[in-house]
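Here the structure comes first, spelled out in structure tokens, and everything after it is commentary.
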Amino acid sequence: MPSIKIPTPLRAYTGGNAQVTVTGGTIRAALDDLTTQFPDLKPHLFNNSELRSFVNIFVGDEDIRFLDGLDTPVEAGDALRIIPSIAGGQNVPRRVDQTGLRVGQLATIILLLLAFVLNLWPVVLFVAVAQLLGGLDAAYAPYKLFYQHVVKPRGLAKPNLTVDNPEPHRFAMLVGAGFNFAAVLAILTGAAGLGWALVWVVIALANLNYWLGFCLGCFVYYQLNKLGVPGFTRAPLA
């Protein structure tokens with residue numbers, strides 16, 4: 001059966017147990033069993049049916065936010081960890097799956113090149129929506145679903161979790177979405193040259209990120225953070 005490692009601050013609610021064996025085929029079911037065994041623990045993990053924002057769950061070294069969230073499957077022998085945030089709201093650890101980002105970048109490049117060659121503005125619109133949902137960290141973001149349910153299960157690419165802030169990468173996706181939405185609008189209003197030029201800006205930036213590892217949107221995010229612009233709260237991690 002799976003087991004869950006309990007952090008020190010929460011052991012007062014598990015009778016002092018540092019590790020608890022649970023049943024269930026998903027993270028949600030495992031946590032349900034945990035809180036059934038120790039009801040006093042539930043309000044410290046959940047706000048109604050959702051995890052509290054400062055509660056991070058890991059399966060091995062993988063953050064469930066980069067998997068299927070509470071619906072992430074677990075198997076007998078899996079070691080789960082509950083890791084609360086530290087003071088100041090920083091997650092412990094803050095990680096980004098660079099492979100997932102690269103899959104999205106490659107998809108963007110391929111789809112936008114296809115759209116340009118075949119003159120298919122609906123494909124540009126699809127990419128814009130995919131980037132918008134990715135930037136908002138939506139559970140049903142197309143690139144995320146493709147990575148989680150196609151790429152990873154088939155072993156086409158392995159996760160590469162690195163210590164990083166996700167917010168700058170999400171900002172970069174939102175910038176890309178803005179360019180692509182503007183491109184679609186330009187194409188539909190007769191300014192096709194401008195529209196496709198905007199698409200090529202996104203293609204160029206995605207290539208820069210994919211091949212050279214330089215995220216211009218992330219760079220802009222951190223510059224805005226240095227200037228104290230509201231909303232840009234994350235500084236580079238040391």
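Within each chain, counting starts at residue 1; across the structure tokens, chains are named A, B, ... in the order shown, with ligands numbered 1 upward in that order.
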
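Residues lying within 12 Å of Ala204 of chain A, counting only C-alpha atoms and ignoring same-chain neighbours fewer than 2 positions away, are Gln105, Leu106, Thr108, Ile109, Ile110, Leu112, Leu113, Gly176, Ala197, Leu198, Val199, Trp200, Val201, Val202, Ala206, Asn207, Leu208, Asn209, Tyr210, Trp211, Leu212, Phe214, Cys215 and Leu216 of chain A.
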
Tell me which protein, DNA and RNA residues are within 12 Å of Tyr147 of chain A, counting only C-alpha atoms, leaving out same-chain ones fewer than 2 positions away, and put them as an NGL selection string.
:A and (66-68 or 97-107 or 134 or 140-145 or 149-159)

Can you list, as a list in words, every protein, DNA or RNA residue that comes within 10 Å of Leu10 of chain A when you count only C-alpha atoms, leaving out same-chain residues fewer than 2 positions away?
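Here the answer would be Ile6, Pro7, Thr8, Ala12, Tyr13, Thr14, Gly15, Gly16, Asn17, Ala18, Asp40, Leu41, His44, Leu45, Ile82 and Pro84 of chain A.
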
Restricted to C-alpha atoms, what would the selected residues look like written as a PDB file, in the first residue's frame?
```
ATOM      1  CA  ILE A   6       3.949  13.551   7.445  1.00  0.00           C
ATOM      2  CA  PRO A   7       5.899  16.806   8.025  1.00  0.00           C
ATOM      3  CA  THR A   8       6.822  17.649  11.597  1.00  0.00           C
ATOM      4  CA  ALA A  12       0.482  16.472  16.250  1.00  0.00           C
ATOM      5  CA  TYR A  13      -2.635  15.535  14.257  1.00  0.00           C
ATOM      6  CA  THR A  14      -1.437  12.015  13.369  1.00  0.00           C
ATOM      7  CA  GLY A  15      -0.633  10.831  16.859  1.00  0.00           C
ATOM      8  CA  GLY A  16       3.048  11.602  16.339  1.00  0.00           C
ATOM      9  CA  ASN A  17       3.314   9.303  13.306  1.00  0.00           C
ATOM     10  CA  ALA A  18       5.945  10.442  10.819  1.00  0.00           C
ATOM     11  CA  ASP A  40      -8.224  16.448  12.901  1.00  0.00           C
ATOM     12  CA  LEU A  41      -5.697  16.627  10.067  1.00  0.00           C
ATOM     13  CA  HIS A  44      -4.975  21.574   7.755  1.00  0.00           C
ATOM     14  CA  LEU A  45      -4.830  19.983   4.301  1.00  0.00           C
ATOM     15  CA  ILE A  82       3.246  16.349   2.230  1.00  0.00           C
ATOM     16  CA  PRO A  84       3.909  22.691   3.478  1.00  0.00           C
TER      17      PRO A  84
END
```

As a PDB file with N, CA and C atoms, in the first residue's frame, please: every residue in segment 33-187 of chain A that DSSP puts in strand (DSSP E).
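Once written, out_38.pdb looks like this:
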```pdb
ATOM      1  N   PHE A  46      -7.087  20.554   3.621  1.00  0.00           N
ATOM      2  CA  PHE A  46      -8.124  20.871   2.639  1.00  0.00           C
ATOM      3  C   PHE A  46      -8.915  22.103   3.014  1.00  0.00           C
ATOM      4  N   ASN A  47      -9.334  22.809   1.983  1.00  0.00           N
ATOM      5  CA  ASN A  47     -10.336  23.858   2.102  1.00  0.00           C
ATOM      6  C   ASN A  47     -11.526  23.372   1.291  1.00  0.00           C
ATOM      7  N   GLU A  50     -10.749  21.022  -1.898  1.00  0.00           N
ATOM      8  CA  GLU A  50      -9.503  21.353  -2.580  1.00  0.00           C
ATOM      9  C   GLU A  50      -8.353  21.484  -1.589  1.00  0.00           C
ATOM     10  N   LEU A  51      -7.155  21.111  -2.065  1.00  0.00           N
ATOM     11  CA  LEU A  51      -5.973  21.286  -1.222  1.00  0.00           C
ATOM     12  C   LEU A  51      -5.758  22.758  -0.922  1.00  0.00           C
ATOM     13  N   VAL A  55      -0.197  23.723   0.674  1.00  0.00           N
ATOM     14  CA  VAL A  55       0.076  22.291   0.825  1.00  0.00           C
ATOM     15  C   VAL A  55       0.540  21.731  -0.518  1.00  0.00           C
ATOM     16  N   ASN A  56       1.715  21.139  -0.525  1.00  0.00           N
ATOM     17  CA  ASN A  56       2.291  20.549  -1.728  1.00  0.00           C
ATOM     18  C   ASN A  56       2.415  19.046  -1.532  1.00  0.00           C
ATOM     19  N   ILE A  57       1.976  18.288  -2.511  1.00  0.00           N
ATOM     20  CA  ILE A  57       2.043  16.821  -2.440  1.00  0.00           C
ATOM     21  C   ILE A  57       2.998  16.311  -3.514  1.00  0.00           C
ATOM     22  N   PHE A  58       3.903  15.444  -3.105  1.00  0.00           N
ATOM     23  CA  PHE A  58       4.868  14.855  -4.034  1.00  0.00           C
ATOM     24  C   PHE A  58       4.704  13.342  -4.058  1.00  0.00           C
ATOM     25  N   VAL A  59       4.828  12.769  -5.252  1.00  0.00           N
ATOM     26  CA  VAL A  59       4.950  11.320  -5.423  1.00  0.00           C
ATOM     27  C   VAL A  59       6.402  11.084  -5.793  1.00  0.00           C
ATOM     28  N   GLU A  62       8.206  13.967  -7.763  1.00  0.00           N
ATOM     29  CA  GLU A  62       7.346  14.704  -8.691  1.00  0.00           C
ATOM     30  C   GLU A  62       6.194  15.390  -7.976  1.00  0.00           C
ATOM     31  N   ASP A  63       6.077  16.676  -8.212  1.00  0.00           N
ATOM     32  CA  ASP A  63       4.990  17.477  -7.678  1.00  0.00           C
ATOM     33  C   ASP A  63       3.714  17.113  -8.437  1.00  0.00           C
ATOM     34  N   ALA A  79       5.733   6.215  -2.399  1.00  0.00           N
ATOM     35  CA  ALA A  79       6.005   7.038  -1.217  1.00  0.00           C
ATOM     36  C   ALA A  79       5.552   8.462  -1.510  1.00  0.00           C
ATOM     37  N   LEU A  80       4.526   8.911  -0.786  1.00  0.00           N
ATOM     38  CA  LEU A  80       4.003  10.262  -0.953  1.00  0.00           C
ATOM     39  C   LEU A  80       4.567  11.149   0.148  1.00  0.00           C
ATOM     40  N   ARG A  81       4.675  12.434  -0.156  1.00  0.00           N
ATOM     41  CA  ARG A  81       5.161  13.389   0.838  1.00  0.00           C
ATOM     42  C   ARG A  81       4.249  14.606   0.857  1.00  0.00           C
ATOM     43  N   ILE A  82       3.952  15.083   2.053  1.00  0.00           N
ATOM     44  CA  ILE A  82       3.246  16.349   2.230  1.00  0.00           C
ATOM     45  C   ILE A  82       4.292  17.383   2.625  1.00  0.00           C
ATOM     46  N   ILE A  83       4.408  18.449   1.818  1.00  0.00           N
ATOM     47  CA  ILE A  83       5.412  19.476   2.085  1.00  0.00           C
ATOM     48  C   ILE A  83       4.718  20.824   2.155  1.00  0.00           C
ATOM     49  N   PRO A  84       4.547  21.373   3.363  1.00  0.00           N
ATOM     50  CA  PRO A  84       3.909  22.691   3.478  1.00  0.00           C
ATOM     51  C   PRO A  84       4.854  23.794   3.026  1.00  0.00           C
ATOM     52  N   ARG A  95       9.608  23.929  -8.023  1.00  0.00           N
ATOM     53  CA  ARG A  95      10.207  23.239  -9.161  1.00  0.00           C
ATOM     54  C   ARG A  95       9.364  23.433 -10.409  1.00  0.00           C
ATOM     55  N   VAL A  96      10.027  23.346 -11.534  1.00  0.00           N
ATOM     56  CA  VAL A  96       9.375  23.434 -12.833  1.00  0.00           C
ATOM     57  C   VAL A  96       9.847  22.252 -13.668  1.00  0.00           C
ATOM     58  N   ASP A  97       8.905  21.594 -14.328  1.00  0.00           N
ATOM     59  CA  ASP A  97       9.255  20.490 -15.217  1.00  0.00           C
ATOM     60  C   ASP A  97       9.673  21.089 -16.561  1.00  0.00           C
ATOM     61  N   LEU A 161      12.586  17.905 -13.544  1.00  0.00           N
ATOM     62  CA  LEU A 161      12.192  18.890 -12.547  1.00  0.00           C
ATOM     63  C   LEU A 161      13.417  19.653 -12.055  1.00  0.00           C
ATOM     64  N   THR A 162      13.389  20.960 -12.219  1.00  0.00           N
ATOM     65  CA  THR A 162      14.493  21.801 -11.764  1.00  0.00           C
ATOM     66  C   THR A 162      13.961  22.861 -10.807  1.00  0.00           C
ATOM     67  N   VAL A 163      14.819  23.324  -9.920  1.00  0.00           N
ATOM     68  CA  VAL A 163      14.443  24.379  -8.990  1.00  0.00           C
ATOM     69  C   VAL A 163      14.250  25.666  -9.784  1.00  0.00           C
TER      70      VAL A 163
END
```

Interatomic distance between atom CA of Arg170 of chain A and atom CA of Phe116 of chain A?
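It comes out at 24.7 Å.
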
Using only C-alpha atoms, determine which residues lie at most 7 Å from Ser3 of chain A, disregarding the query and same-chain residues fewer than 5 positions distant; provide the list as a list in words.
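Non-adjacent residues within range: Gln19, Val20, Thr21, Val22, Asp78, Ala79 and Leu80 of chain A.
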
Please dump the current selection as a compact mmCIF listing (two decimals), in the first residue's frame; keep N, CA and C atoms.
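Written output follows (selection28.txt):
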```txt
# COMPACT_ATOMS: atom_id res chain seq x y z
N GLN A 19 5.02 8.70 9.42
CA GLN A 19 4.64 8.07 8.15
C GLN A 19 3.40 7.24 8.39
N VAL A 20 2.46 7.34 7.44
CA VAL A 20 1.19 6.63 7.60
C VAL A 20 0.92 5.82 6.33
N THR A 21 0.54 4.57 6.51
CA THR A 21 0.16 3.72 5.38
C THR A 21 -1.31 3.97 5.05
N VAL A 22 -1.60 4.12 3.76
CA VAL A 22 -2.96 4.44 3.33
C VAL A 22 -3.38 3.51 2.20
N ASP A 78 4.23 3.19 -3.46
CA ASP A 78 4.56 4.58 -3.73
C ASP A 78 4.74 5.34 -2.41
N ALA A 79 5.73 6.22 -2.40
CA ALA A 79 6.00 7.04 -1.22
C ALA A 79 5.55 8.46 -1.51
N LEU A 80 4.53 8.91 -0.79
CA LEU A 80 4.00 10.26 -0.95
C LEU A 80 4.57 11.15 0.15
```

Using only C-alpha atoms, which residue out of A:Val123, A:Ala177, A:Ala192, A:Ile4 lies closest to Thr35 of chain A?
A:Ile4

Per DSSP on the backbone, what are the alpha helix (DSSP H) residues of segment 9-230 of chain A, as a compact mmCIF listing (two decimals) with C-alpha atoms, in the first residue's frame?
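Output contents, as saved in result-v2.txt:
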```
# COMPACT_ATOMS: atom_id res chain seq x y z
CA ILE A 27 -3.80 10.94 -4.51
CA ARG A 28 -7.32 12.05 -3.61
CA ALA A 29 -8.29 8.59 -2.38
CA ALA A 30 -5.05 8.25 -0.41
CA LEU A 31 -5.60 11.60 1.29
CA ASP A 32 -9.22 10.71 1.97
CA ASP A 33 -8.04 7.58 3.75
CA LEU A 34 -5.42 9.58 5.65
CA THR A 35 -7.98 12.11 6.88
CA THR A 36 -10.43 9.33 7.72
CA GLN A 37 -7.77 7.82 9.99
CA LYS A 42 -8.26 17.38 7.34
CA PRO A 43 -8.74 21.13 7.92
CA HIS A 44 -4.98 21.57 7.76
CA LEU A 45 -4.83 19.98 4.30
CA GLN A 98 11.49 21.77 -18.00
CA THR A 99 10.51 18.85 -20.23
CA GLY A 100 6.87 19.87 -20.05
CA LEU A 101 7.82 23.41 -21.05
CA ARG A 102 9.89 22.15 -23.98
CA VAL A 103 7.02 19.98 -25.21
CA GLY A 104 4.83 23.08 -25.25
CA GLN A 105 7.49 25.11 -27.05
CA LEU A 106 7.97 22.44 -29.69
CA ALA A 107 4.22 22.11 -30.19
CA THR A 108 3.98 25.88 -30.62
CA ILE A 109 6.74 25.92 -33.23
CA ILE A 110 5.29 23.04 -35.25
CA LEU A 111 1.70 24.25 -35.14
CA LEU A 112 2.52 27.85 -36.02
CA LEU A 113 4.77 26.81 -38.90
CA LEU A 114 1.95 24.59 -40.16
CA ALA A 115 -0.49 27.49 -39.82
CA PHE A 116 1.80 29.80 -41.81
CA VAL A 117 2.50 27.34 -44.61
CA LEU A 118 -1.16 26.36 -45.02
CA TRP A 121 -5.54 31.16 -38.88
CA PRO A 122 -7.70 28.76 -36.77
CA VAL A 123 -4.49 26.90 -35.87
CA VAL A 124 -3.01 30.18 -34.63
CA LEU A 125 -6.14 30.68 -32.57
CA PHE A 126 -5.78 27.19 -31.09
CA VAL A 127 -2.17 27.91 -30.11
CA ALA A 128 -3.24 31.21 -28.55
CA VAL A 129 -5.88 29.45 -26.46
CA ALA A 130 -3.41 26.70 -25.50
CA GLN A 131 -0.87 29.29 -24.36
CA LEU A 132 -3.50 31.27 -22.47
CA LEU A 133 -4.70 28.21 -20.56
CA GLY A 134 -1.11 27.15 -19.91
CA GLY A 135 -0.28 30.61 -18.62
CA PRO A 142 -4.06 21.39 -24.12
CA TYR A 143 -0.27 21.27 -23.90
CA LYS A 144 -0.43 20.04 -20.31
CA LEU A 145 -2.94 17.32 -21.21
CA PHE A 146 -0.85 16.24 -24.21
CA PRO A 166 6.77 28.72 -12.51
CA GLU A 167 5.33 32.25 -12.61
CA PRO A 168 7.82 33.73 -15.14
CA HIS A 169 7.21 30.81 -17.51
CA ARG A 170 3.45 31.30 -17.21
CA PHE A 171 3.93 35.00 -17.93
CA ALA A 172 5.91 34.08 -21.05
CA MET A 173 3.02 31.87 -22.19
CA LEU A 174 0.56 34.71 -21.65
CA VAL A 175 2.75 37.05 -23.71
CA GLY A 176 2.83 34.47 -26.51
CA ALA A 177 -0.94 34.12 -26.28
CA GLY A 178 -1.31 37.90 -26.57
CA PHE A 179 0.80 37.98 -29.73
CA ASN A 180 -1.17 35.14 -31.28
CA PHE A 181 -4.57 36.60 -30.42
CA ALA A 182 -3.42 39.89 -31.95
CA ALA A 183 -2.23 37.97 -35.02
CA VAL A 184 -5.63 36.32 -35.49
CA LEU A 185 -7.38 39.67 -35.15
CA ALA A 186 -5.04 41.25 -37.70
CA ILE A 187 -5.56 38.42 -40.20
CA LEU A 188 -9.34 38.56 -39.85
CA ALA A 192 -2.58 39.51 -42.93
CA GLY A 193 1.00 40.69 -43.29
CA LEU A 194 1.00 42.13 -39.78
CA GLY A 195 -0.75 39.03 -38.44
CA TRP A 196 1.78 36.58 -39.83
CA ALA A 197 4.64 38.83 -38.71
CA LEU A 198 3.33 38.54 -35.14
CA VAL A 199 3.13 34.77 -35.56
CA TRP A 200 6.78 34.72 -36.63
CA VAL A 201 7.73 36.68 -33.53
CA VAL A 202 6.23 33.87 -31.42
CA ILE A 203 7.95 31.21 -33.54
CA ALA A 204 11.29 32.99 -33.11
CA LEU A 205 10.89 33.33 -29.32
CA ALA A 206 9.78 29.71 -28.96
CA ASN A 207 12.85 28.58 -30.94
CA LEU A 208 15.08 30.78 -28.80
CA ASN A 209 13.71 29.10 -25.70
CA TYR A 210 13.64 25.57 -27.10
CA TRP A 211 17.13 25.49 -28.64
CA LEU A 212 19.08 27.96 -26.49
CA LEU A 216 12.64 36.26 -23.03
CA GLY A 217 9.29 36.40 -21.23
CA CYS A 218 10.97 35.16 -18.04
CA PHE A 219 13.68 37.80 -18.42
CA VAL A 220 11.04 40.52 -18.76
CA TYR A 221 9.16 39.13 -15.73
CA TYR A 222 12.25 39.38 -13.51
CA GLN A 223 13.04 42.89 -14.76
CA LEU A 224 9.52 43.95 -13.80
CA ASN A 225 10.03 42.28 -10.42
CA LYS A 226 13.18 44.36 -9.88
```
